[in-house]
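K.L.:
First, the structure itself, so that you have it in front of you.
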Amino acid sequence: MEMIGHGGKEIIERVMSKDAALKRVAELKAAKVKTLDVRLQMATEIIDIAYGFFSPLEGFMTKADVESVCNNMLLADGKTVWSIPIIYDISSEDLEKSGIKQYDEVLLTYTGNPFAIFDITDIFTLDKKEVAMKVYGTTEEKHPGAKRTYQYQDKFLGGKITLLNPPKINEPFTRFWLTPKQMRERFKEKGWEMIINHQTRNVPHTGHEWLMKGAYLGAYGSMMVDKPRGGILVNAMIGSKRPGDYIDEAIILCQEAQGKHGYFREDIFLTTCTLWDMRYAGPKEAIFHACLRTNLGCTHHMFGRDHAGVGTYYDPYDAHRIFERLPKGSLNITPIFNLDWWFCPVCDEVTYMGLCGHKDKKASFSGTLIRSIIQDGVKPPRRIFRPEVFDMIMECAEKYGFGNAFVTEDYLKRRNPVFTIEPLK
Ligand SMILES: [Zn+2]
């Protein structure tokens with residue numbers, strides 16, 4: 001099966017077998033190599049790097065890569081499109097205390113257990129304000145991506161990563177987490193030659209359902225009846241949450257419910273998740289999503305209104321326009337641009353900005369409206385929420401959300417982690 005990812009290169013997989021890892025850890029310990037314990041964000045990105053979600057990246061970026069990404073939206077090779085820096089930070093103090101030098105091999109641990117090897121080739125500093133401006137288009141701390149940039153420590157380490165100890169993905173995410181290689185195997189089993197990715201961090205209302213249906217018709221309209229050769233991949237971004245977001249468990253289980261209950265044929269629909277802390281970088285994040293989903297084996301990617309945006313930092317269609325500015329052939333995935341879908345009481349259906357002529361009568365699926373429907377817990381009309389999806393939201397609120405379908409401080413404190421790193425033995 002073809003395993004070519006973003007940038008036209010073979011999908012990266014830097015994961016050691018268990019026997020090799022046990023041996024290597026014993027050697028590293030005997031040699032008393034330096035050790036760093038990583039926080040959740042770094043652990044997440046190490047997993048993504050090691051399994052090729054970020055192909056062709058093989059590790060954390062060097063200064064040359066970060067500068068090239070910020071200035072030219074390219075890796076330091078000068079030709080591979082990349083829009084968001086993937087960086088490993090450390091404080092000057094910790095760096096000094098650790099005694100880590102360029103070209104050191106470092107053992108990374110997570111929650112105290114052996115996790116990965118980090119071959120450090122670059123130690124550098126960055127102007128964080130400049131990075132925020134170039135990636136997010138703002139230096140304001142209330143932009144969550146800029147804020148995250150400022151929260152990095154003052155030194156950065158670049159170099160290749162090798163995973164020693166694969167993550168244990170916890171319930172209910174276990175069956176939804178597939179590596180790029182596993183994802184491609186699954187597509188092959190399903191006989192899919194074309195795959196439309198739907199990026200989400202939402203539980204689906206019928207507006208989302210129709211976005212996907214519209215994209216399916218747009219991309220596969222000429223497909224013959226005999227055998228579906230294409231499908232829709234719902235790939236939920238699971239990562240750091242902000243109060244008021246949907247809880248991860250509800251997102252993934254409600255997306256799956258659309259296939260289970262026939263709103264999409266099961267042979268054309270697959271729900272999965274990928275570990276990633278949203279940066280809300282709008283257009284830049286749209287490009288990043290395109291690269292990531294190329295690595296998952298997708299041929300098409302949906303971009304809706306205000307894709308990966310936040311507040312009023314980006315024009316709702318900036319994330320569409322940025323693709324037009326890329327040189328031809330720099331991405332290996334076809335963007336599908338979605339305009340607004342709404343409910344029209346005159347057409348009496350969920351319809352599309354490009355079709356319905358009753359714009360002034362439309363009822364938009366506003367976040368506030370949907371949120372109040374869910375908080376009231378009274379089952380809405382099936383034209384707005386499929387009853388099975390709505391039941392699943394309520395079930396998840398009880399089972400995982402401590403009574404709430406939205407993230408609360410309580411949830412952030414008490415939730416079960418999405419993955420754990422167990423002792424290596
Ligand atoms: Zn209408």
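So you can find residues: chains in the structure tokens are A, B, ... in the order shown, residues in each start at 1, and ligands are numbered from 1 in order.
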Using DSSP secondary structure from the backbone, list all strand (DSSP E) positions within stretch 226-322 of chain A, as a PyMOL selection string.
P.N.:
chain A and resi 230-238+269-275+300-303
K.L.:
Produce a file of the selected residues containing N, CA, C and O atoms, as a PDB file, in the first residue's frame.
P.N.:
ATOM      1  N   GLY A 230     -15.332   5.826  -2.314  1.00  0.00           N
ATOM      2  CA  GLY A 230     -14.871   6.947  -1.510  1.00  0.00           C
ATOM      3  C   GLY A 230     -15.702   7.091  -0.263  1.00  0.00           C
ATOM      4  O   GLY A 230     -16.831   6.591  -0.191  1.00  0.00           O
ATOM      5  N   GLY A 231     -15.132   7.739   0.721  1.00  0.00           N
ATOM      6  CA  GLY A 231     -15.861   7.920   1.967  1.00  0.00           C
ATOM      7  C   GLY A 231     -15.526   9.225   2.647  1.00  0.00           C
ATOM      8  O   GLY A 231     -14.718  10.014   2.154  1.00  0.00           O
ATOM      9  N   ILE A 232     -16.179   9.421   3.785  1.00  0.00           N
ATOM     10  CA  ILE A 232     -15.945  10.618   4.599  1.00  0.00           C
ATOM     11  C   ILE A 232     -15.223  10.196   5.871  1.00  0.00           C
ATOM     12  O   ILE A 232     -15.687   9.296   6.573  1.00  0.00           O
ATOM     13  N   LEU A 233     -14.102  10.822   6.117  1.00  0.00           N
ATOM     14  CA  LEU A 233     -13.376  10.594   7.359  1.00  0.00           C
ATOM     15  C   LEU A 233     -13.639  11.770   8.289  1.00  0.00           C
ATOM     16  O   LEU A 233     -13.242  12.895   7.989  1.00  0.00           O
ATOM     17  N   VAL A 234     -14.321  11.484   9.399  1.00  0.00           N
ATOM     18  CA  VAL A 234     -14.426  12.506  10.443  1.00  0.00           C
ATOM     19  C   VAL A 234     -13.195  12.343  11.317  1.00  0.00           C
ATOM     20  O   VAL A 234     -12.971  11.276  11.881  1.00  0.00           O
ATOM     21  N   ASN A 235     -12.360  13.368  11.367  1.00  0.00           N
ATOM     22  CA  ASN A 235     -11.156  13.295  12.182  1.00  0.00           C
ATOM     23  C   ASN A 235     -11.240  14.407  13.232  1.00  0.00           C
ATOM     24  O   ASN A 235     -11.043  15.578  12.934  1.00  0.00           O
ATOM     25  N   ALA A 236     -11.570  13.990  14.446  1.00  0.00           N
ATOM     26  CA  ALA A 236     -11.732  14.971  15.525  1.00  0.00           C
ATOM     27  C   ALA A 236     -10.377  15.303  16.120  1.00  0.00           C
ATOM     28  O   ALA A 236      -9.562  14.412  16.352  1.00  0.00           O
ATOM     29  N   MET A 237     -10.150  16.576  16.360  1.00  0.00           N
ATOM     30  CA  MET A 237      -8.926  17.004  17.030  1.00  0.00           C
ATOM     31  C   MET A 237      -9.156  16.899  18.530  1.00  0.00           C
ATOM     32  O   MET A 237     -10.011  17.595  19.076  1.00  0.00           O
ATOM     33  N   ILE A 238      -8.385  16.035  19.166  1.00  0.00           N
ATOM     34  CA  ILE A 238      -8.510  15.838  20.602  1.00  0.00           C
ATOM     35  C   ILE A 238      -7.251  16.404  21.260  1.00  0.00           C
ATOM     36  O   ILE A 238      -6.146  15.987  20.927  1.00  0.00           O
ATOM     37  N   PHE A 269     -18.443   5.929   5.800  1.00  0.00           N
ATOM     38  CA  PHE A 269     -18.269   6.853   6.928  1.00  0.00           C
ATOM     39  C   PHE A 269     -17.345   6.249   7.968  1.00  0.00           C
ATOM     40  O   PHE A 269     -17.482   5.088   8.326  1.00  0.00           O
ATOM     41  N   LEU A 270     -16.386   7.041   8.441  1.00  0.00           N
ATOM     42  CA  LEU A 270     -15.465   6.558   9.476  1.00  0.00           C
ATOM     43  C   LEU A 270     -15.139   7.708  10.425  1.00  0.00           C
ATOM     44  O   LEU A 270     -14.829   8.807   9.984  1.00  0.00           O
ATOM     45  N   THR A 271     -15.236   7.434  11.721  1.00  0.00           N
ATOM     46  CA  THR A 271     -14.910   8.443  12.738  1.00  0.00           C
ATOM     47  C   THR A 271     -13.593   8.081  13.415  1.00  0.00           C
ATOM     48  O   THR A 271     -13.423   6.945  13.856  1.00  0.00           O
ATOM     49  N   THR A 272     -12.679   9.035  13.473  1.00  0.00           N
ATOM     50  CA  THR A 272     -11.380   8.807  14.123  1.00  0.00           C
ATOM     51  C   THR A 272     -10.992  10.065  14.899  1.00  0.00           C
ATOM     52  O   THR A 272     -11.655  11.093  14.779  1.00  0.00           O
ATOM     53  N   CYS A 273      -9.923   9.943  15.675  1.00  0.00           N
ATOM     54  CA  CYS A 273      -9.420  11.153  16.335  1.00  0.00           C
ATOM     55  C   CYS A 273      -7.908  11.234  16.195  1.00  0.00           C
ATOM     56  O   CYS A 273      -7.229  10.230  15.982  1.00  0.00           O
ATOM     57  N   THR A 274      -7.404  12.447  16.279  1.00  0.00           N
ATOM     58  CA  THR A 274      -5.972  12.709  16.243  1.00  0.00           C
ATOM     59  C   THR A 274      -5.654  13.658  17.396  1.00  0.00           C
ATOM     60  O   THR A 274      -6.465  14.518  17.737  1.00  0.00           O
ATOM     61  N   LEU A 275      -4.481  13.443  18.009  1.00  0.00           N
ATOM     62  CA  LEU A 275      -4.102  14.257  19.162  1.00  0.00           C
ATOM     63  C   LEU A 275      -3.465  15.561  18.679  1.00  0.00           C
ATOM     64  O   LEU A 275      -2.446  15.544  17.998  1.00  0.00           O
ATOM     65  N   HIS A 300      -9.164  14.626  -0.121  1.00  0.00           N
ATOM     66  CA  HIS A 300      -9.900  15.896  -0.098  1.00  0.00           C
ATOM     67  C   HIS A 300     -10.020  16.383   1.345  1.00  0.00           C
ATOM     68  O   HIS A 300     -10.044  15.568   2.266  1.00  0.00           O
ATOM     69  N   HIS A 301     -10.135  17.684   1.508  1.00  0.00           N
ATOM     70  CA  HIS A 301     -10.286  18.239   2.857  1.00  0.00           C
ATOM     71  C   HIS A 301     -11.309  19.372   2.831  1.00  0.00           C
ATOM     72  O   HIS A 301     -11.193  20.284   2.025  1.00  0.00           O
ATOM     73  N   MET A 302     -12.287  19.277   3.711  1.00  0.00           N
ATOM     74  CA  MET A 302     -13.314  20.315   3.793  1.00  0.00           C
ATOM     75  C   MET A 302     -12.828  21.501   4.627  1.00  0.00           C
ATOM     76  O   MET A 302     -12.242  21.303   5.693  1.00  0.00           O
ATOM     77  N   PHE A 303     -13.102  22.690   4.134  1.00  0.00           N
ATOM     78  CA  PHE A 303     -12.825  23.899   4.907  1.00  0.00           C
ATOM     79  C   PHE A 303     -14.094  24.733   4.942  1.00  0.00           C
ATOM     80  O   PHE A 303     -14.573  25.165   3.903  1.00  0.00           O
TER      81      PHE A 303
END
K.L.:
Set the cut-off to 6 Å, count only C-alpha atoms and all ligand atoms, and list whatever residues fall near ligand 1 as a compact mmCIF listing (two decimals) with N, CA and C atoms, in the first residue's frame.
P.N.:
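Final file, result_36.txt:
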# COMPACT_ATOMS: atom_id res chain seq x y z
N CYS A 344 -33.74 26.90 6.46
CA CYS A 344 -34.61 27.90 5.85
C CYS A 344 -36.07 27.49 6.08
N VAL A 346 -38.70 28.70 4.77
CA VAL A 346 -39.48 28.74 3.53
C VAL A 346 -39.22 27.47 2.71
N CYS A 347 -37.95 27.13 2.51
CA CYS A 347 -37.61 25.86 1.84
C CYS A 347 -38.01 24.68 2.73
N CYS A 356 -30.12 28.62 -1.59
CA CYS A 356 -31.38 29.18 -1.07
C CYS A 356 -31.45 30.68 -1.33
N GLY A 357 -32.61 31.11 -1.82
CA GLY A 357 -32.80 32.53 -2.13
C GLY A 357 -33.53 33.31 -1.04
N HIS A 358 -33.64 32.70 0.17
CA HIS A 358 -34.36 33.38 1.26
C HIS A 358 -33.41 33.80 2.37
K.L.:
Which of these, A:Asp267, A:Arg305, A:Ser330, A:Arg279, has the shortest distance to A:Glu189 once you count only C-alpha atoms?
P.N.:
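When distances to A:Glu189 are compared using only C-alpha atoms, the smallest one comes from A:Asp267.
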K.L.:
If you count only C-alpha atoms, which residues fall within 10 Å of A:His143, apart from same-chain ones fewer than 5 positions away, as a ChimeraX atom specification?
P.N.:
/A:132,136-138,148-149,279-281,309-313
K.L.:
With distances taken over only C-alpha atoms, which of A:Lys188, A:Arg242, A:His261, A:Arg39 is nearest to A:Glu388?
P.N.:
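Checking each candidate against A:Glu388, we get A:His261 as the closest.
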K.L.:
Report, in Å to a single decimal, how far apart atom CA of A:Lys97 and atom CA of A:Phe115 are.
P.N.:
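Spanning atom CA of A:Phe115 to atom CA of A:Lys97 is a straight-line distance of 20.9 Å.
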K.L.:
Mind dumping a table of every stretch 326-348 of chain A residue within 12 Å of stretch 7-21 of chain A, with the nearest atom pair and its distance in Å to one decimal, using only C-alpha atoms, sorted by chain and rising number, as a tab-separated table?
P.N.:
residue	atom	partner	partner_atom	distance
A:Gly329	CA	A:Gly7	CA	9.9
A:Ser330	CA	A:Gly7	CA	7.6
A:Leu331	CA	A:Gly7	CA	7.4
A:Asn332	CA	A:Gly7	CA	7.8
A:Ile333	CA	A:Gly7	CA	10.9
K.L.:
Env of A:Phe118: 7 Å cut, atoms = only C-alpha atoms, seq-sep filter 4 positions within chain, self excluded. Answer as a ChimeraX atom specification.
P.N.:
/A:105-108,159-162
K.L.:
Could you name the residues that touch A:Asn165 at 7 Å or less, counting only C-alpha atoms, but leaving out those on the same chain fewer than 6 positions away, as a list of chain:residue names?
P.N.:
A:Pro114, A:Phe115, A:Ala116, A:Leu424
K.L.:
Output C-alpha atoms for every residue in that selection, as a PDB file, in the first residue's frame.
P.N.:
ATOM      1  CA  PRO A 114      10.596   6.070  29.662  1.00  0.00           C
ATOM      2  CA  PHE A 115       9.019   7.587  26.599  1.00  0.00           C
ATOM      3  CA  ALA A 116      11.334   8.721  23.791  1.00  0.00           C
ATOM      4  CA  LEU A 424       8.132  -0.002  29.994  1.00  0.00           C
TER       5      LEU A 424
END
K.L.:
Counting only C-alpha atoms, which residues of stretch 196-300 of chain A sit at most 7 Å from some atom of stretch 401-412 of chain A, and what is each one's closest atom pair with its distance in Å to one decimal, listed by chain and rising residue number, as a Markdown table?
P.N.:
| residue | atom | partner | partner_atom | distance |
| --- | --- | --- | --- | --- |
| A:Arg242 | CA | A:Val407 | CA | 6.8 |
| A:Pro243 | CA | A:Val407 | CA | 4.7 |
| A:Gly244 | CA | A:Val407 | CA | 5.1 |
| A:Asp245 | CA | A:Val407 | CA | 5.4 |
| A:Tyr246 | CA | A:Phe406 | CA | 4.4 |
| A:Ile247 | CA | A:Val407 | CA | 5.3 |
| A:Ala250 | CA | A:Ala405 | CA | 6.9 |
K.L.:
Near A:Tyr103, within 10 Å and counting only C-alpha atoms, which residues show up once chain neighbours fewer than 5 positions away are dropped, as a JSON list (two decimals) with N, CA and C atoms, in the first residue's frame?
P.N.:
[["chain", "number", "residue", "atom", "x", "y", "z"],
["A", 118, "PHE", "N", 15.59, 11.78, 22.36],
["A", 118, "PHE", "CA", 15.65, 13.09, 21.70],
["A", 118, "PHE", "C", 17.11, 13.34, 21.32],
["A", 119, "ASP", "N", 17.40, 13.37, 20.02],
["A", 119, "ASP", "CA", 18.76, 13.65, 19.54],
["A", 119, "ASP", "C", 18.88, 15.13, 19.25],
["A", 120, "ILE", "N", 19.47, 15.84, 20.18],
["A", 120, "ILE", "CA", 19.44, 17.29, 20.10],
["A", 120, "ILE", "C", 20.53, 17.83, 19.16],
["A", 121, "THR", "N", 20.06, 18.52, 18.11],
["A", 121, "THR", "CA", 21.02, 19.07, 17.15],
["A", 121, "THR", "C", 21.07, 20.60, 17.19],
["A", 122, "ASP", "N", 20.12, 21.21, 17.90],
["A", 122, "ASP", "CA", 20.10, 22.67, 17.91],
["A", 122, "ASP", "C", 19.54, 23.17, 19.25],
["A", 123, "ILE", "N", 20.19, 24.16, 19.81],
["A", 123, "ILE", "CA", 19.69, 24.82, 21.03],
["A", 123, "ILE", "C", 19.61, 26.30, 20.69],
["A", 159, "GLY", "N", 15.62, 18.69, 17.15],
["A", 159, "GLY", "CA", 16.28, 17.43, 16.81],
["A", 159, "GLY", "C", 15.29, 16.28, 16.68]]
K.L.:
Could you pull out the helix (DSSP H, G or I) residues of stretch 74-191 of chain A, going by DSSP on the backbone, and write them as a count of residues only?
P.N.:
38
